[in-house]
file model28.cif (mmCIF, C-alpha atoms and all ligand atoms)
data_work
loop_
_atom_site.label_atom_id
_atom_site.label_comp_id
_atom_site.auth_asym_id
_atom_site.auth_seq_id
_atom_site.Cartn_x
_atom_site.Cartn_y
_atom_site.Cartn_z
CA MET G 30 17.51 -13.85 26.19
CA ASN G 31 14.33 -14.48 28.05
CA TYR G 32 14.06 -12.10 31.00
CA TYR G 33 10.30 -11.88 31.12
CA GLY G 34 8.90 -15.36 30.55
CA ASP G 35 7.54 -16.80 27.36
CA PRO G 36 4.24 -14.93 26.85
CA ILE G 37 5.77 -11.48 27.00
CA THR G 38 8.86 -12.52 25.05
CA ARG G 39 6.57 -13.85 22.35
CA LEU G 40 4.60 -10.60 22.29
CA ILE G 41 7.82 -8.57 22.02
CA GLU G 42 8.94 -10.77 19.12
CA LYS G 43 5.59 -10.31 17.36
CA PHE G 44 5.80 -6.52 17.66
CA ALA G 45 9.46 -6.54 16.59
CA SER G 46 8.52 -8.44 13.42
CA LEU G 47 6.39 -5.48 12.26
CA PRO G 48 7.89 -2.92 9.86
CA GLY G 49 9.61 0.04 11.49
CA ILE G 50 9.46 -1.40 15.00
CA GLY G 51 12.81 -2.10 16.59
CA ARG G 52 13.50 -4.17 19.66
CA LYS G 53 13.13 -1.25 22.08
CA SER G 54 9.83 -0.07 20.64
CA ALA G 55 8.58 -3.65 20.65
CA GLN G 56 9.36 -3.93 24.35
CA ARG G 57 7.66 -0.62 25.07
CA LEU G 58 4.54 -1.72 23.18
CA ALA G 59 4.48 -5.10 24.90
CA PHE G 60 4.75 -3.57 28.38
CA HIS G 61 2.10 -1.05 27.43
CA VAL G 62 -0.27 -3.85 26.39
CA ILE G 63 0.33 -5.68 29.68
CA ALA G 64 -0.58 -2.49 31.57
CA MET G 65 -3.78 -1.92 29.57
CA ASP G 66 -7.28 -2.86 30.77
CA ASP G 67 -8.49 -6.29 29.64
CA SER G 68 -11.26 -4.71 27.59
CA ALA G 69 -8.86 -2.34 25.80
CA VAL G 70 -6.60 -5.26 24.93
CA ALA G 71 -9.59 -7.21 23.60
CA GLU G 72 -10.59 -4.22 21.45
CA LEU G 73 -7.09 -3.91 20.05
CA ALA G 74 -6.91 -7.60 19.20
CA GLU G 75 -10.39 -7.52 17.66
CA ALA G 76 -9.49 -4.46 15.55
CA ILE G 77 -6.49 -6.31 14.14
CA ILE G 78 -8.45 -9.48 13.43
CA SER G 79 -11.44 -7.75 11.85
CA ALA G 80 -9.25 -5.45 9.73
CA LYS G 81 -7.52 -8.50 8.35
CA ARG G 82 -10.80 -10.37 7.88
CA ASP G 83 -12.92 -7.61 6.35
CA VAL G 84 -10.45 -5.61 4.31
CA LYS G 85 -9.62 -6.82 0.83
CA TYR G 86 -8.16 -5.49 -2.38
CA CYS G 87 -10.38 -3.40 -4.64
CA SER G 88 -11.05 -5.57 -7.67
CA VAL G 89 -10.21 -2.62 -9.95
CA CYS G 90 -7.29 -0.71 -8.41
CA CYS G 91 -6.03 -2.99 -5.59
CA ASN G 92 -6.61 -0.27 -2.98
CA LEU G 93 -7.65 -1.64 0.41
CA THR G 94 -11.41 -1.62 0.86
CA ASP G 95 -14.16 -3.45 2.71
CA SER G 96 -16.32 -3.70 -0.40
CA ASP G 97 -15.65 -5.22 -3.82
CA ILE G 98 -14.84 -1.85 -5.38
CA CYS G 99 -13.27 1.02 -3.45
CA PRO G 100 -15.02 4.42 -3.17
CA VAL G 101 -12.67 6.07 -5.68
CA CYS G 102 -13.25 3.44 -8.39
CA ALA G 103 -16.99 3.45 -7.66
CA ASN G 104 -17.23 7.23 -8.13
CA PRO G 105 -18.63 8.04 -11.61
CA LYS G 106 -17.42 11.65 -11.29
CA ARG G 107 -13.77 10.56 -11.39
CA ASP G 108 -11.82 10.46 -14.64
CA HIS G 109 -11.47 6.71 -15.14
CA LYS G 110 -9.23 7.17 -18.17
CA THR G 111 -6.37 8.60 -16.09
CA ILE G 112 -4.66 6.12 -13.80
CA MET G 113 -2.09 7.19 -11.21
CA VAL G 114 0.16 4.32 -10.15
CA VAL G 115 1.25 4.49 -6.48
CA GLU G 116 3.16 2.13 -4.23
CA SER G 117 0.82 1.99 -1.25
CA PRO G 118 -2.66 2.93 -0.02
CA LYS G 119 -0.87 5.51 2.15
CA ASP G 120 0.46 7.26 -0.98
CA MET G 121 -3.01 7.22 -2.47
CA ALA G 122 -4.43 8.78 0.69
CA ALA G 123 -1.78 11.52 0.49
CA TYR G 124 -2.79 12.40 -3.08
CA GLU G 125 -6.46 12.30 -2.15
CA LYS G 126 -5.79 14.76 0.67
CA THR G 127 -4.57 17.34 -1.83
CA LYS G 128 -8.00 17.17 -3.55
CA GLU G 129 -6.24 18.14 -6.78
CA TYR G 130 -6.38 14.84 -8.59
CA ASN G 131 -9.60 13.64 -10.18
CA GLY G 132 -8.39 10.50 -11.91
CA VAL G 133 -8.26 7.00 -10.47
CA TYR G 134 -5.38 4.99 -9.01
CA HIS G 135 -3.60 1.70 -9.15
CA VAL G 136 -1.94 0.53 -5.95
CA LEU G 137 1.10 -1.70 -6.49
CA HIS G 138 1.59 -2.68 -2.83
CA GLY G 139 5.35 -2.34 -3.07
CA ALA G 140 8.13 -1.51 -5.47
CA ILE G 141 10.55 -3.64 -7.43
CA SER G 142 13.72 -4.16 -5.41
CA PRO G 143 16.27 -6.77 -6.47
CA MET G 144 18.17 -6.01 -3.24
CA ALA G 145 15.18 -6.96 -1.09
CA GLY G 146 14.23 -9.81 -3.41
CA ILE G 147 11.02 -8.10 -4.57
CA SER G 148 10.42 -8.93 -8.21
CA PRO G 149 7.74 -7.57 -10.59
CA SER G 150 5.57 -10.60 -9.81
CA ASP G 151 5.55 -9.68 -6.09
CA ILE G 152 3.66 -6.43 -6.65
CA LYS G 153 0.27 -5.77 -8.27
CA LEU G 154 1.74 -5.24 -11.72
CA LYS G 155 -0.02 -8.05 -13.56
CA GLU G 156 -3.30 -6.53 -12.34
CA LEU G 157 -2.26 -3.15 -13.74
CA LEU G 158 -1.43 -4.56 -17.16
CA GLU G 159 -4.68 -6.50 -17.33
CA ARG G 160 -6.58 -3.41 -16.34
CA ILE G 161 -4.84 -1.27 -18.97
CA GLN G 162 -5.80 -3.74 -21.65
CA LYS G 163 -9.39 -3.78 -20.49
CA ASP G 164 -9.96 -0.08 -19.66
CA THR G 165 -7.67 1.48 -22.33
CA PRO G 166 -6.74 4.60 -20.30
CA ASN G 167 -5.58 7.82 -21.97
CA GLU G 168 -2.81 8.44 -19.48
CA ILE G 169 -0.80 6.59 -16.87
CA ILE G 170 0.87 8.71 -14.20
CA LEU G 171 3.73 6.91 -12.48
CA ALA G 172 3.83 8.25 -8.94
CA THR G 173 6.07 5.67 -7.31
CA ASN G 174 8.38 7.01 -4.61
CA PRO G 175 11.42 9.14 -5.49
CA ASN G 176 13.97 6.56 -4.36
CA VAL G 177 15.96 3.81 -6.10
CA GLU G 178 13.16 1.24 -5.91
CA GLY G 179 10.48 3.72 -6.97
CA GLU G 180 12.54 4.87 -9.95
CA ALA G 181 13.32 1.31 -11.01
CA THR G 182 9.64 0.43 -10.77
CA ALA G 183 8.57 3.49 -12.78
CA MET G 184 11.15 2.68 -15.44
CA TYR G 185 10.04 -0.93 -15.63
CA ILE G 186 6.35 -0.06 -15.97
CA SER G 187 7.00 2.70 -18.45
CA LYS G 188 8.90 0.28 -20.71
CA LEU G 189 5.95 -2.11 -20.63
CA ILE G 190 3.31 0.54 -21.31
CA LYS G 191 4.90 2.86 -23.84
CA PRO G 192 4.66 0.36 -26.74
CA LEU G 193 0.88 0.32 -26.16
CA GLY G 194 0.70 3.93 -27.30
CA ILE G 195 -0.57 5.24 -23.96
CA LYS G 196 0.77 8.51 -22.60
CA VAL G 197 3.04 7.86 -19.62
CA THR G 198 3.95 10.62 -17.16
CA ARG G 199 6.34 10.36 -14.24
CA ILE G 200 5.83 12.42 -11.11
CA ALA G 201 8.01 11.80 -8.13
CA ASN G 202 7.85 14.93 -6.07
CA GLY G 203 4.21 15.91 -6.14
CA VAL G 204 3.56 15.01 -2.54
CA PRO G 205 6.04 14.59 0.31
CA VAL G 206 6.79 10.91 0.90
CA GLY G 207 4.54 9.55 3.62
CA GLY G 208 2.96 13.01 3.95
ZN ZN X 301 -10.40 0.89 -6.44
#

call {"tool": "encode", "arguments": {"input": "model28.cif", "output": "structure tokens"}}
result
Amino acid sequence: MNYYGDPITRLIEKFASLPGIGRKSAQRLAFHVIAMDDSAVAELAEAIISAKRDVKYCSVCCNLTDSDICPVCANPKRDHKTIMVVESPKDMAAYEKTKEYNGVYHVLHGAISPMAGISPSDIKLKELLERIQKDTPNEIILATNPNVEGEATAMYISKLIKPLGIKVTRIANGVPVGG
């Protein structure tokens, strides 16, 4: 139903297509944008466009970065032989906040979920396997989320890696999810 005219309906639909934003929140955001100053709206739009344009995947760990290699991978003081596998850059940031981990990461950008139609080829798994072959790590820590998808993903990866003779550890509760 189009109560507001096409431009605002379109904006509501765009917001509603984002993860975690329902119809009501999308409306609230759209009305908020309409009430904002022109310059603030331009800044918001520019922030979205430049984030998309300038941010890419780290060529080593697939973390989001604006350079070829992210700051963690570029740090020679980190233990590059220990790789912690996480689902998202957000998870990586949570582990970094604890300041207790000195290894490096691999960001999968998702988890295997047959229900949602996400297969192993939809996440950064091929990159992980290539990296393992190249960097020969001593240990892989599987820190995917403690839910069905995270467990399935950890299991899948562990089956692929164990035959290579690399130590595989599973942690699921080290850091609160999304914390
Ligand atoms: Zn990196």

call {"tool": "residues_around", "arguments": {"input": "model28.cif", "residues": "Thr111 of chain G", "least_positions_apart": "3", "cutoff": "10 Å", "atoms": "only C-alpha atoms", "output": "list in words"}}
result
Arg107, Asp108, Val114, Tyr130, Asn131, Gly132, Val133, Tyr134, Thr165, Pro166, Asn167, Glu168, Ile169, Ile170 and Lys196 of chain G

call {"tool": "atom_distance", "arguments": {"input": "model28.cif", "atom1": "atom CA of Tyr86 of chain G", "atom2": "atom CA of Lys153 of chain G"}}
result
10.3 Å

call {"tool": "closest_residue", "arguments": {"input": "model28.cif", "among": "G:Ser142, G:Ser148, G:Ser88, G:Ser46", "to": "Gly179 of chain G", "atoms": "all atoms listed in the file"}}
result
G:Ser142

call {"tool": "residues_near_ligand", "arguments": {"input": "model28.cif", "ligand": "ligand ZN 301 (chain X)", "cutoff": "9 Å", "atoms": "only C-alpha atoms and all ligand atoms", "output": "PyMOL selection string"}}
result
chain G and resi 86-94+97-103+133-136

call {"tool": "residues_around", "arguments": {"input": "model28.cif", "residues": "Gln162 of chain G", "least_positions_apart": "4", "cutoff": "12 Å", "atoms": "only C-alpha atoms", "output": "NGL selection string"}}
result
:G and (110 or 155-158 or 166-167 or 189-190 or 193-195)

call {"tool": "write_last_selection", "arguments": {"input": "model28.cif", "atoms": "C-alpha atoms", "output": "short mmCIF file (atom, residue, chain, number, x, y, z; two decimals), keeping the file's coordinate frame"}}
result
data_model
loop_
_atom_site.label_atom_id
_atom_site.label_comp_id
_atom_site.auth_asym_id
_atom_site.auth_seq_id
_atom_site.Cartn_x
_atom_site.Cartn_y
_atom_site.Cartn_z
CA LYS G 110 -9.23 7.17 -18.17
CA LYS G 155 -0.02 -8.05 -13.56
CA GLU G 156 -3.30 -6.53 -12.34
CA LEU G 157 -2.26 -3.15 -13.74
CA LEU G 158 -1.43 -4.56 -17.16
CA PRO G 166 -6.74 4.60 -20.30
CA ASN G 167 -5.58 7.82 -21.97
CA LEU G 189 5.95 -2.11 -20.63
CA ILE G 190 3.31 0.54 -21.31
CA LEU G 193 0.88 0.32 -26.16
CA GLY G 194 0.70 3.93 -27.30
CA ILE G 195 -0.57 5.24 -23.96
#

call {"tool": "atom_distance", "arguments": {"input": "model28.cif", "atom1": "atom CA of Ile50 of chain G", "atom2": "atom CA of Ala69 of chain G"}}
result
21.3 Å

call {"tool": "closest_residue", "arguments": {"input": "model28.cif", "among": "G:Met113, G:Ile152, G:Ala181, G:Val70", "to": "Glu125 of chain G", "atoms": "all atoms listed in the file"}}
result
G:Met113

call {"tool": "residues_near_point", "arguments": {"input": "model28.cif", "point": "(-14.1, 0.7, 10.0)", "cutoff": "9 Å", "atoms": "all atoms listed in the file", "output": "PDB file with C-alpha atoms, in the coordinates of the input"}}
result
ATOM      1  CA  ALA G  76      -9.490  -4.460  15.550  1.00  0.00           C
ATOM      2  CA  ALA G  80      -9.250  -5.450   9.730  1.00  0.00           C
ATOM      3  CA  ASP G  95     -14.160  -3.450   2.710  1.00  0.00           C
TER       4      ASP G  95
END

call {"tool": "atom_distance", "arguments": {"input": "model28.cif", "atom1": "atom CA of Ser79 of chain G", "atom2": "atom CA of His61 of chain G"}}
result
21.7 Å

call {"tool": "closest_residue", "arguments": {"input": "model28.cif", "among": "G:Pro143, G:Ile37, G:Ile200, G:Ile161", "to": "Ala64 of chain G", "atoms": "only C-alpha atoms"}}
result
G:Ile37

call {"tool": "residues_around", "arguments": {"input": "model28.cif", "residues": "Thr38 of chain G", "least_positions_apart": "4", "cutoff": "12 Å", "atoms": "all atoms listed in the file", "output": "list in words"}}
result
Met30, Asn31, Tyr32, Tyr33, Gly34, Glu42, Lys43, Phe44, Ala45, Arg52, Ala55, Gln56, Arg57, Leu58, Ala59, Phe60 and Ile63 of chain G

call {"tool": "residues_around", "arguments": {"input": "model28.cif", "residues": "Glu180 of chain G", "least_positions_apart": "6", "cutoff": "10 Å", "atoms": "all atoms listed in the file", "output": "list of chain:residue names"}}
result
G:Ala140, G:Ile141, G:Leu171, G:Ala172, G:Thr173, G:Asn174, G:Ile186, G:Arg199, G:Ala201

call {"tool": "write_last_selection", "arguments": {"input": "model28.cif", "atoms": "C-alpha atoms", "output": "PDB file, keeping the file's coordinate frame"}}
result
ATOM      1  CA  ALA G 140       8.130  -1.510  -5.470  1.00  0.00           C
ATOM      2  CA  ILE G 141      10.550  -3.640  -7.430  1.00  0.00           C
ATOM      3  CA  LEU G 171       3.730   6.910 -12.480  1.00  0.00           C
ATOM      4  CA  ALA G 172       3.830   8.250  -8.940  1.00  0.00           C
ATOM      5  CA  THR G 173       6.070   5.670  -7.310  1.00  0.00           C
ATOM      6  CA  ASN G 174       8.380   7.010  -4.610  1.00  0.00           C
ATOM      7  CA  ILE G 186       6.350  -0.060 -15.970  1.00  0.00           C
ATOM      8  CA  ARG G 199       6.340  10.360 -14.240  1.00  0.00           C
ATOM      9  CA  ALA G 201       8.010  11.800  -8.130  1.00  0.00           C
TER      10      ALA G 201
END

call {"tool": "closest_residue", "arguments": {"input": "model28.cif", "among": "G:Leu73, G:Met65, G:Val84, G:His109", "to": "Lys163 of chain G", "atoms": "all atoms listed in the file"}}
result
G:His109

call {"tool": "decode", "arguments": {"input": "model28.cif", "residues": "segment 35-49 of chain G", "atoms": "all heavy atoms", "output": "mmCIF file, in the first residue's frame"}}
result
data_model
loop_
_atom_site.group_PDB
_atom_site.id
_atom_site.type_symbol
_atom_site.label_atom_id
_atom_site.label_comp_id
_atom_site.auth_asym_id
_atom_site.auth_seq_id
_atom_site.Cartn_x
_atom_site.Cartn_y
_atom_site.Cartn_z
ATOM 1 N N ASP G 35 5.653 7.633 -4.049
ATOM 2 C CA ASP G 35 6.705 6.697 -4.441
ATOM 3 C C ASP G 35 8.076 6.897 -3.786
ATOM 4 O O ASP G 35 8.684 5.921 -3.359
ATOM 5 C CB ASP G 35 6.872 6.708 -5.965
ATOM 6 C CG ASP G 35 5.672 6.052 -6.639
ATOM 7 O OD1 ASP G 35 4.998 5.250 -5.962
ATOM 8 O OD2 ASP G 35 5.424 6.347 -7.812
ATOM 9 N N PRO G 36 8.589 8.146 -3.710
ATOM 10 C CA PRO G 36 9.953 8.268 -3.180
ATOM 11 C C PRO G 36 10.075 7.738 -1.751
ATOM 12 O O PRO G 36 11.031 7.029 -1.435
ATOM 13 C CB PRO G 36 10.224 9.780 -3.227
ATOM 14 C CG PRO G 36 9.281 10.300 -4.246
ATOM 15 C CD PRO G 36 8.050 9.435 -4.154
ATOM 16 N N ILE G 37 9.119 8.063 -0.911
ATOM 17 C CA ILE G 37 9.268 7.610 0.475
ATOM 18 C C ILE G 37 8.956 6.118 0.604
ATOM 19 O O ILE G 37 9.601 5.404 1.366
ATOM 20 C CB ILE G 37 8.436 8.472 1.462
ATOM 21 C CG1 ILE G 37 8.835 8.124 2.911
ATOM 22 C CG2 ILE G 37 6.961 8.285 1.307
ATOM 23 C CD1 ILE G 37 9.012 9.309 3.780
ATOM 24 N N THR G 38 8.029 5.627 -0.207
ATOM 25 C CA THR G 38 7.762 4.182 -0.196
ATOM 26 C C THR G 38 9.018 3.424 -0.621
ATOM 27 O O THR G 38 9.375 2.407 -0.038
ATOM 28 C CB THR G 38 6.605 3.853 -1.162
ATOM 29 O OG1 THR G 38 5.458 4.585 -0.725
ATOM 30 C CG2 THR G 38 6.270 2.372 -1.157
ATOM 31 N N ARG G 39 9.685 3.937 -1.604
ATOM 32 C CA ARG G 39 10.911 3.302 -2.092
ATOM 33 C C ARG G 39 11.985 3.299 -1.003
ATOM 34 O O ARG G 39 12.664 2.294 -0.782
ATOM 35 C CB ARG G 39 11.406 4.072 -3.327
ATOM 36 C CG ARG G 39 12.630 3.463 -3.949
ATOM 37 C CD ARG G 39 12.900 4.041 -5.340
ATOM 38 N NE ARG G 39 14.248 3.682 -5.741
ATOM 39 C CZ ARG G 39 15.211 4.567 -5.970
ATOM 40 N NH1 ARG G 39 14.980 5.860 -5.857
ATOM 41 N NH2 ARG G 39 16.409 4.157 -6.309
ATOM 42 N N LEU G 40 12.108 4.423 -0.295
ATOM 43 C CA LEU G 40 13.097 4.509 0.777
ATOM 44 C C LEU G 40 12.758 3.509 1.886
ATOM 45 O O LEU G 40 13.639 2.806 2.401
ATOM 46 C CB LEU G 40 13.143 5.939 1.326
ATOM 47 C CG LEU G 40 14.208 6.227 2.390
ATOM 48 C CD1 LEU G 40 15.605 5.891 1.883
ATOM 49 C CD2 LEU G 40 14.138 7.683 2.832
ATOM 50 N N ILE G 41 11.479 3.434 2.246
ATOM 51 C CA ILE G 41 11.053 2.466 3.272
ATOM 52 C C ILE G 41 11.407 1.053 2.824
ATOM 53 O O ILE G 41 11.948 0.255 3.594
ATOM 54 C CB ILE G 41 9.530 2.588 3.544
ATOM 55 C CG1 ILE G 41 9.226 3.931 4.224
ATOM 56 C CG2 ILE G 41 9.042 1.423 4.421
ATOM 57 C CD1 ILE G 41 7.742 4.278 4.300
ATOM 58 N N GLU G 42 11.157 0.744 1.570
ATOM 59 C CA GLU G 42 11.460 -0.600 1.069
ATOM 60 C C GLU G 42 12.961 -0.882 1.119
ATOM 61 O O GLU G 42 13.385 -1.988 1.450
ATOM 62 C CB GLU G 42 10.934 -0.773 -0.356
ATOM 63 C CG GLU G 42 9.479 -1.211 -0.352
ATOM 64 C CD GLU G 42 8.792 -1.002 -1.694
ATOM 65 O OE1 GLU G 42 9.487 -0.725 -2.695
ATOM 66 O OE2 GLU G 42 7.551 -1.094 -1.717
ATOM 67 N N LYS G 43 13.759 0.129 0.800
ATOM 68 C CA LYS G 43 15.221 -0.054 0.836
ATOM 69 C C LYS G 43 15.689 -0.326 2.267
ATOM 70 O O LYS G 43 16.518 -1.207 2.502
ATOM 71 C CB LYS G 43 15.944 1.181 0.283
ATOM 72 C CG LYS G 43 15.763 1.371 -1.206
ATOM 73 C CD LYS G 43 16.473 0.284 -1.991
ATOM 74 C CE LYS G 43 16.080 0.312 -3.460
ATOM 75 N NZ LYS G 43 16.401 -0.936 -4.157
ATOM 76 N N PHE G 44 15.175 0.440 3.217
ATOM 77 C CA PHE G 44 15.555 0.192 4.615
ATOM 78 C C PHE G 44 15.077 -1.191 5.055
ATOM 79 O O PHE G 44 15.792 -1.918 5.733
ATOM 80 C CB PHE G 44 14.975 1.267 5.538
ATOM 81 C CG PHE G 44 15.769 2.542 5.572
ATOM 82 C CD1 PHE G 44 15.153 3.780 5.408
ATOM 83 C CD2 PHE G 44 17.146 2.516 5.793
ATOM 84 C CE1 PHE G 44 15.884 4.954 5.446
ATOM 85 C CE2 PHE G 44 17.889 3.697 5.833
ATOM 86 C CZ PHE G 44 17.251 4.915 5.657
ATOM 87 N N ALA G 45 13.855 -1.544 4.664
ATOM 88 C CA ALA G 45 13.273 -2.818 5.111
ATOM 89 C C ALA G 45 14.034 -4.017 4.534
ATOM 90 O O ALA G 45 13.961 -5.114 5.065
ATOM 91 C CB ALA G 45 11.795 -2.887 4.726
ATOM 92 N N SER G 46 14.781 -3.788 3.447
ATOM 93 C CA SER G 46 15.522 -4.896 2.844
ATOM 94 C C SER G 46 16.830 -5.173 3.595
ATOM 95 O O SER G 46 17.521 -6.144 3.323
ATOM 96 C CB SER G 46 15.833 -4.579 1.379
ATOM 97 O OG SER G 46 16.818 -3.566 1.301
ATOM 98 N N LEU G 47 17.174 -4.302 4.555
ATOM 99 C CA LEU G 47 18.416 -4.492 5.313
ATOM 100 C C LEU G 47 18.185 -5.508 6.432
ATOM 101 O O LEU G 47 17.070 -5.639 6.921
ATOM 102 C CB LEU G 47 18.875 -3.151 5.906
ATOM 103 C CG LEU G 47 19.182 -2.047 4.888
ATOM 104 C CD1 LEU G 47 19.457 -0.728 5.601
ATOM 105 C CD2 LEU G 47 20.360 -2.426 4.009
ATOM 106 N N PRO G 48 19.260 -6.219 6.849
ATOM 107 C CA PRO G 48 19.073 -7.237 7.882
ATOM 108 C C PRO G 48 18.661 -6.624 9.217
ATOM 109 O O PRO G 48 19.179 -5.590 9.605
ATOM 110 C CB PRO G 48 20.462 -7.894 7.990
ATOM 111 C CG PRO G 48 21.409 -6.930 7.392
ATOM 112 C CD PRO G 48 20.645 -6.139 6.375
ATOM 113 N N GLY G 49 17.695 -7.246 9.866
ATOM 114 C CA GLY G 49 17.294 -6.827 11.209
ATOM 115 C C GLY G 49 16.394 -5.616 11.234
ATOM 116 O O GLY G 49 16.067 -5.093 12.292
#
